[in-house]
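See below for protein-v2.pdb, which holds PDB, C-alpha atoms and all ligand atoms.
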```
ATOM      1  CA  MET A 240      39.166  -8.096  33.596
ATOM      2  CA  SER A 241      39.855 -11.272  35.545
ATOM      3  CA  ASP A 242      36.760 -10.625  37.683
ATOM      4  CA  LEU A 243      34.736 -10.325  34.510
ATOM      5  CA  ARG A 244      36.217 -13.553  33.234
ATOM      6  CA  ASP A 245      35.278 -15.263  36.485
ATOM      7  CA  LEU A 246      31.733 -13.999  36.128
ATOM      8  CA  TYR A 247      31.571 -15.235  32.555
ATOM      9  CA  GLN A 248      32.876 -18.584  33.611
ATOM     10  CA  GLU A 249      30.307 -18.793  36.388
ATOM     11  CA  VAL A 250      27.448 -18.169  33.971
ATOM     12  CA  ILE A 251      28.730 -20.818  31.587
ATOM     13  CA  LEU A 252      29.286 -23.356  34.374
ATOM     14  CA  ASP A 253      25.810 -22.687  35.767
ATOM     15  CA  HIS A 254      24.140 -23.306  32.397
ATOM     16  CA  ASN A 255      26.276 -26.399  31.911
ATOM     17  CA  LYS A 256      25.234 -27.800  35.282
ATOM     18  CA  ARG A 257      21.575 -26.797  35.035
ATOM     19  CA  PRO A 258      20.803 -26.457  31.329
ATOM     20  CA  ARG A 259      17.574 -24.596  30.522
ATOM     21  CA  ASN A 260      15.037 -26.069  28.104
ATOM     22  CA  PHE A 261      16.781 -29.436  28.269
ATOM     23  CA  GLY A 262      14.643 -32.348  27.059
ATOM     24  CA  VAL A 263      12.742 -33.685  24.086
ATOM     25  CA  LEU A 264       9.999 -31.335  22.914
ATOM     26  CA  THR A 265       6.689 -32.949  21.933
ATOM     27  CA  PRO A 266       5.121 -32.112  19.680
ATOM     28  CA  ALA A 267       7.882 -30.491  17.677
ATOM     29  CA  ASP A 268       7.742 -29.202  14.106
ATOM     30  CA  HIS A 269      11.423 -29.711  13.471
ATOM     31  CA  HIS A 270      14.372 -31.362  15.084
ATOM     32  CA  VAL A 271      17.924 -31.314  13.825
ATOM     33  CA  ASP A 272      21.025 -33.126  15.056
ATOM     34  CA  GLY A 273      24.222 -31.129  15.404
ATOM     35  CA  HIS A 274      27.672 -32.628  15.685
ATOM     36  CA  ASN A 275      31.057 -31.109  16.357
ATOM     37  CA  PRO A 276      33.499 -33.966  15.712
ATOM     38  CA  LEU A 277      36.518 -31.894  16.760
ATOM     39  CA  CYS A 278      35.298 -31.858  20.362
ATOM     40  CA  GLY A 279      32.736 -34.665  20.380
ATOM     41  CA  ASP A 280      29.764 -32.369  21.041
ATOM     42  CA  ARG A 281      26.421 -33.813  19.951
ATOM     43  CA  LEU A 282      23.056 -32.186  20.391
ATOM     44  CA  THR A 283      19.552 -32.210  18.996
ATOM     45  CA  VAL A 284      17.528 -29.010  18.799
ATOM     46  CA  TYR A 285      13.717 -29.258  18.851
ATOM     47  CA  LEU A 286      11.503 -26.470  17.631
ATOM     48  CA  ARG A 287       7.821 -25.642  17.586
ATOM     49  CA  LEU A 288       6.689 -22.697  15.498
ATOM     50  CA  GLU A 289       3.446 -20.745  15.654
ATOM     51  CA  GLY A 290       3.300 -18.746  12.453
ATOM     52  CA  ASP A 291       6.707 -17.132  12.253
ATOM     53  CA  ARG A 292       7.239 -17.164  16.012
ATOM     54  CA  ILE A 293       9.273 -19.709  17.993
ATOM     55  CA  ALA A 294       6.604 -20.985  20.378
ATOM     56  CA  ASP A 295       8.953 -23.432  22.051
ATOM     57  CA  VAL A 296      12.483 -24.720  21.675
ATOM     58  CA  SER A 297      14.526 -27.315  23.545
ATOM     59  CA  PHE A 298      17.628 -29.427  23.203
ATOM     60  CA  VAL A 299      19.186 -32.669  24.364
ATOM     61  CA  GLY A 300      22.738 -33.836  23.975
ATOM     62  CA  THR A 301      26.142 -34.332  25.430
ATOM     63  CA  GLY A 302      29.253 -32.296  25.047
ATOM     64  CA  CYS A 303      31.670 -29.920  26.676
ATOM     65  CA  ALA A 304      30.579 -27.191  29.069
ATOM     66  CA  ILE A 305      30.738 -24.502  26.407
ATOM     67  CA  SER A 306      28.573 -26.362  23.893
ATOM     68  CA  LYS A 307      25.973 -27.209  26.515
ATOM     69  CA  ALA A 308      25.896 -23.764  28.076
ATOM     70  CA  SER A 309      25.649 -22.207  24.627
ATOM     71  CA  ALA A 310      22.704 -24.441  23.712
ATOM     72  CA  SER A 311      21.021 -23.633  27.020
ATOM     73  CA  MET A 312      21.421 -19.887  26.570
ATOM     74  CA  MET A 313      20.510 -20.067  22.878
ATOM     75  CA  THR A 314      17.171 -21.693  23.681
ATOM     76  CA  ASP A 315      16.514 -19.118  26.407
ATOM     77  CA  SER A 316      17.320 -16.294  24.021
ATOM     78  CA  VAL A 317      15.214 -17.299  21.037
ATOM     79  CA  LYS A 318      12.103 -18.669  22.750
ATOM     80  CA  GLY A 319       9.160 -16.402  21.915
ATOM     81  CA  ARG A 320      11.070 -14.565  19.210
ATOM     82  CA  THR A 321      10.236 -14.422  15.526
ATOM     83  CA  VAL A 322      12.317 -16.360  13.028
ATOM     84  CA  ALA A 323      13.751 -13.066  11.743
ATOM     85  CA  GLU A 324      14.762 -12.035  15.270
ATOM     86  CA  ALA A 325      16.421 -15.406  15.853
ATOM     87  CA  ASP A 326      18.280 -15.069  12.543
ATOM     88  CA  ALA A 327      19.528 -11.624  13.612
ATOM     89  CA  LEU A 328      20.678 -13.017  16.969
ATOM     90  CA  PHE A 329      22.530 -15.813  15.186
ATOM     91  CA  THR A 330      24.296 -13.293  12.949
ATOM     92  CA  SER A 331      25.314 -11.132  15.905
ATOM     93  CA  PHE A 332      26.467 -14.147  17.935
ATOM     94  CA  HIS A 333      28.507 -15.434  15.011
ATOM     95  CA  ASP A 334      30.032 -11.979  14.433
ATOM     96  CA  MET A 335      30.892 -11.629  18.117
ATOM     97  CA  ILE A 336      32.955 -14.815  17.994
ATOM     98  CA  THR A 337      34.407 -14.749  14.478
ATOM     99  CA  ALA A 338      34.526 -11.132  13.251
ATOM    100  CA  PRO A 339      37.511  -8.758  13.585
ATOM    101  CA  PRO A 340      37.732  -7.115  17.050
ATOM    102  CA  ASP A 341      35.796  -3.897  16.305
ATOM    103  CA  ALA A 342      32.890  -5.656  14.616
ATOM    104  CA  ALA A 343      32.967  -8.367  17.269
ATOM    105  CA  ALA A 344      32.744  -5.819  20.071
ATOM    106  CA  ALA A 345      29.861  -4.040  18.336
ATOM    107  CA  ALA A 346      28.003  -7.324  18.005
ATOM    108  CA  ALA A 347      28.698  -8.284  21.626
ATOM    109  CA  ALA A 348      27.230  -4.975  22.801
ATOM    110  CA  THR A 349      23.836  -5.965  21.343
ATOM    111  CA  LEU A 350      23.737  -9.457  22.809
ATOM    112  CA  GLY A 351      23.148  -8.942  26.526
ATOM    113  CA  LYS A 352      24.014 -12.031  28.550
ATOM    114  CA  LEU A 353      25.043 -13.949  25.434
ATOM    115  CA  ALA A 354      28.158 -11.742  25.483
ATOM    116  CA  VAL A 355      29.605 -14.179  28.047
ATOM    117  CA  PHE A 356      30.758 -16.190  25.043
ATOM    118  CA  SER A 357      32.832 -13.362  23.553
ATOM    119  CA  GLY A 358      35.992 -14.731  25.198
ATOM    120  CA  VAL A 359      35.648 -17.894  23.125
ATOM    121  CA  SER A 360      36.998 -16.001  20.109
ATOM    122  CA  GLU A 361      40.469 -16.277  21.662
ATOM    123  CA  TYR A 362      40.251 -20.072  21.502
ATOM    124  CA  PRO A 363      39.715 -21.174  17.889
ATOM    125  CA  THR A 364      39.016 -24.770  18.846
ATOM    126  CA  ARG A 365      36.191 -23.572  21.117
ATOM    127  CA  VAL A 366      34.462 -21.430  18.505
ATOM    128  CA  LYS A 367      32.702 -24.464  17.046
ATOM    129  CA  CYS A 368      31.591 -25.595  20.505
ATOM    130  CA  ALA A 369      29.937 -22.228  21.099
ATOM    131  CA  THR A 370      28.300 -21.928  17.679
ATOM    132  CA  LEU A 371      27.121 -25.547  17.239
ATOM    133  CA  ALA A 372      23.708 -24.977  18.854
ATOM    134  CA  TRP A 373      23.161 -21.859  16.762
ATOM    135  CA  HIS A 374      24.032 -23.570  13.485
ATOM    136  CA  THR A 375      21.718 -26.408  14.451
ATOM    137  CA  LEU A 376      18.925 -23.957  15.272
ATOM    138  CA  GLN A 377      19.385 -22.296  11.887
ATOM    139  CA  ALA A 378      18.930 -25.631  10.114
ATOM    140  CA  ALA A 379      15.792 -26.318  12.175
ATOM    141  CA  LEU A 380      14.330 -22.857  11.580
ATOM    142  CA  HIS A 381      14.827 -23.033   7.853
ATOM    143  CA  ALA A 382      14.353 -26.787   7.479
ATOM    144  CA  SER A 383      17.573 -26.778   5.516
ATOM    145  CA  ALA A 384      19.062 -30.009   6.894
ATOM    146  CA  ASP A 385      18.357 -32.897   9.249
ATOM    147  CA  THR A 386      21.903 -32.976  10.515
ATOM    148  CA  VAL A 387      24.563 -30.327  10.898
ATOM    149  CA  SER A 388      28.267 -30.913  11.272
ATOM    150  CA  THR A 389      30.795 -28.228  12.041
ATOM    151  CA  GLU A 390      33.148 -30.024   9.681
ATOM    152  CA  SER A 391      31.055 -29.877   6.520
ATOM    153  CA  GLY A 392      30.523 -26.812   4.378
ATOM    154  CA  ASP A 393      32.694 -24.433   6.369
TER     155      ASP A 393
HETATM  156 ZN    ZN B   1      32.953 -28.696  22.689
END
```

Is it possible to express this structure as structure tokens?
Amino acid sequence: MSDLRDLYQEVILDHNKRPRNFGVLTPADHHVDGHNPLCGDRLTVYLRLEGDRIADVSFVGTGCAISKASASMMTDSVKGRTVAEADALFTSFHDMITAPPDAAAAAAATLGKLAVFSGVSEYPTRVKCATLAWHTLQAALHASADTVSTESGD
């Protein structure tokens, strides 16, 4: 298990050091700011849709390694997907981190490399770091808010 943890940590550190899809996207249909005041993570997610497909997605921001790696891997995972597929990924990711162990394990099994974040569930203060990018994406996809804070509405 410790080898697996090391591997997970390596993936997260790699995405933190070399975040994918990092930068302002122009043109973008939507951009939403996300903020996790508990940790100080701030990011902006940019989105360009073609029909109901995510043609391109990017992010900028500053924060802890987990929030940045999660944003990097989130953008990698949803690019080219439909809105419905991205919604389903969000639900599974959220379940993996917040659901009871059996449901969390079932969700993790569907998530491929995103399962590296499953260990975050053991650290409640880190859950919001890992889910910030996903909540921000949701707001951008559904144009439901211009800003998202982990400390409002949940
Ligand atoms: Zn954080």

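Among the candidates A:Lys307, A:Ala348, A:Thr283, A:Val355, the residue lying nearest to A:Glu249 is A:Val355 (atoms considered: all atoms listed in the file).
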
10 Å shell around ligand ZN 1 (chain B) using all atoms listed in the file, listed as a VMD selection string = chain A and resid 274 to 281 301 to 307 309 364 to 371

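Closest to A:Phe356 among A:Met312, A:Val296, A:Ala384, A:Ala267 is A:Met312, based on only C-alpha atoms.
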
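For the pair atom CA of A:Ser316 and atom CA of A:Ser357, the interatomic distance is 15.8 Å.
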
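Taking atom CA of A:Val284 and atom CA of A:Ala382 as the two end points, the separation is 12.0 Å.
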
task = Mind listing whatever residues come within 8 Å of the point (21.8, -18.9, 28.5)? Use only C-alpha atoms, file coordinates, and give them as a VMD selection string.
result = chain A and resid 250 to 251 254 259 308 to 316 352 to 353

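With atom CA of A:Phe298 on one side and atom CA of A:Leu264 on the other, the separation reads 7.9 Å.
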
query = Written as a PyMOL selection string, which residues does the PyMOL selection byres (((chain A and resi 293) around 12) and not hetatm) give for the file shown?
reply = chain A and resi 267-269+285-292+294-297+314-326+376+379-380

ask   = When distances are computed from all atoms listed in the file, which of A:Tyr247, A:Gly262, A:Thr330, A:Lys256 shows the smallest separation from A:Ala342?
value = A:Thr330

key: Who sits within 12 Å of A:Pro339, only C-alpha atoms, same chain under 5 positions skipped, as a ChimeraX atom specification   = /A:333-334,344-347,357,360-361

Edge lengths and centre in Å to one decimal, as AutoDock Vina command-line options, is what I'm after for the box along x, y and z that holds all listed atoms of stretch 279-290 of chain A once 4 Å is added on each side.
```
--center_x 18.0 --center_y -26.7 --center_z 16.7 --size_x 37.4 --size_y 23.9 --size_z 16.6
```

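The residue that comes closest to A:Gln377, out of A:Thr265, A:Asn260, A:Pro340, A:Val271 and on the basis of all atoms listed in the file, is A:Val271.
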
Pick from A:Thr337, A:Tyr362, A:Pro258, A:Val299, whichever lies nearest to A:His270 using only C-alpha atoms = A:Val299

ask   = Just so the selection is clear, what residues does the PyMOL selection byres (((chain A and resi 387) around 7) and not hetatm) cover here, as number ranges by chain?
value = A: 272-274, 375, 384-386, 388-389
